[in-house]
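So the structure is just underneath, and the comments pick up after that.
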Amino acid sequence: MDPMLQGQIKEWVLIALFGGFPAYLLYMMAMAVRRKQQNEMRRHLLDKFATAKDFAEFVQTPAGQKYVMSFSDAATSPMDAILGSLRTGVVLLFGGAGLSATVSMLNAPYVWGLGVVLSCLGTGFLVSAGISYWIRKKVKLEANE
């Protein structure tokens, strides 16, 4: 391979690695701030009700039912958690495999090691999602019996 092309590929891989990690951290921080703001908004809304009777009347309205459903969807959706694990696992698995495949072009063993670690993490997420799905299915069958 042309040494100049090899140097350019190495630069792009390093930019992707060192640029992607801070972007991921920023995304995670933004999601944490968003979750905190949602929790504060919900708490302030609950503080507005003087008595349990006021809150019960609110819950009987369509807006109140929508408000309560937003709690239950966020807290008790096992399929969303399983699908999230599947998405994360597939992305990590393919990202790790892609990094591992670039070793022959870059002649950089640290990239191969990072690729193996990402592939293992992806496989772990996929196994976790599979076990979660199996447990959910088994619990659902036992509940029907």
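By order of appearance in the structure tokens: chains A, B, ..., then residues from 1 within every chain, and ligands from 1 in the order shown.
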For Ile135 in chain A, please output as a PDB file with C-alpha atoms, in the first residue's frame all residues within 12 Å (counting only C-alpha atoms; exclusion window: fewer than 6 positions along the same chain).
ATOM      1  CA  PRO A  78     -38.752  -4.031  28.893  1.00  0.00           C
ATOM      2  CA  MET A  79     -38.918  -4.301  25.104  1.00  0.00           C
ATOM      3  CA  ILE A  82     -34.005  -5.053  25.060  1.00  0.00           C
ATOM      4  CA  SER A 128     -27.533  -9.628  27.535  1.00  0.00           C
ATOM      5  CA  ALA A 129     -30.390  -8.686  25.212  1.00  0.00           C
ATOM      6  CA  LEU A 141     -45.682 -17.492  29.757  1.00  0.00           C
ATOM      7  CA  GLU A 142     -45.753 -18.266  33.491  1.00  0.00           C
TER       8      GLU A 142
END
Give me the range 76-140 of chain A side of the contact with range 16-37 of chain A, cut-off 10 Å, one line per residue showing its nearest atom pair and distance in Å at one decimal, counting only C-alpha atoms, sorted by chain and residue number, as JSON lines.
{"residue": "A:Leu99", "atom": "CA", "partner": "A:Leu17", "partner_atom": "CA", "distance": 9.9}
{"residue": "A:Val111", "atom": "CA", "partner": "A:Leu17", "partner_atom": "CA", "distance": 9.6}
{"residue": "A:Leu114", "atom": "CA", "partner": "A:Leu17", "partner_atom": "CA", "distance": 9.9}
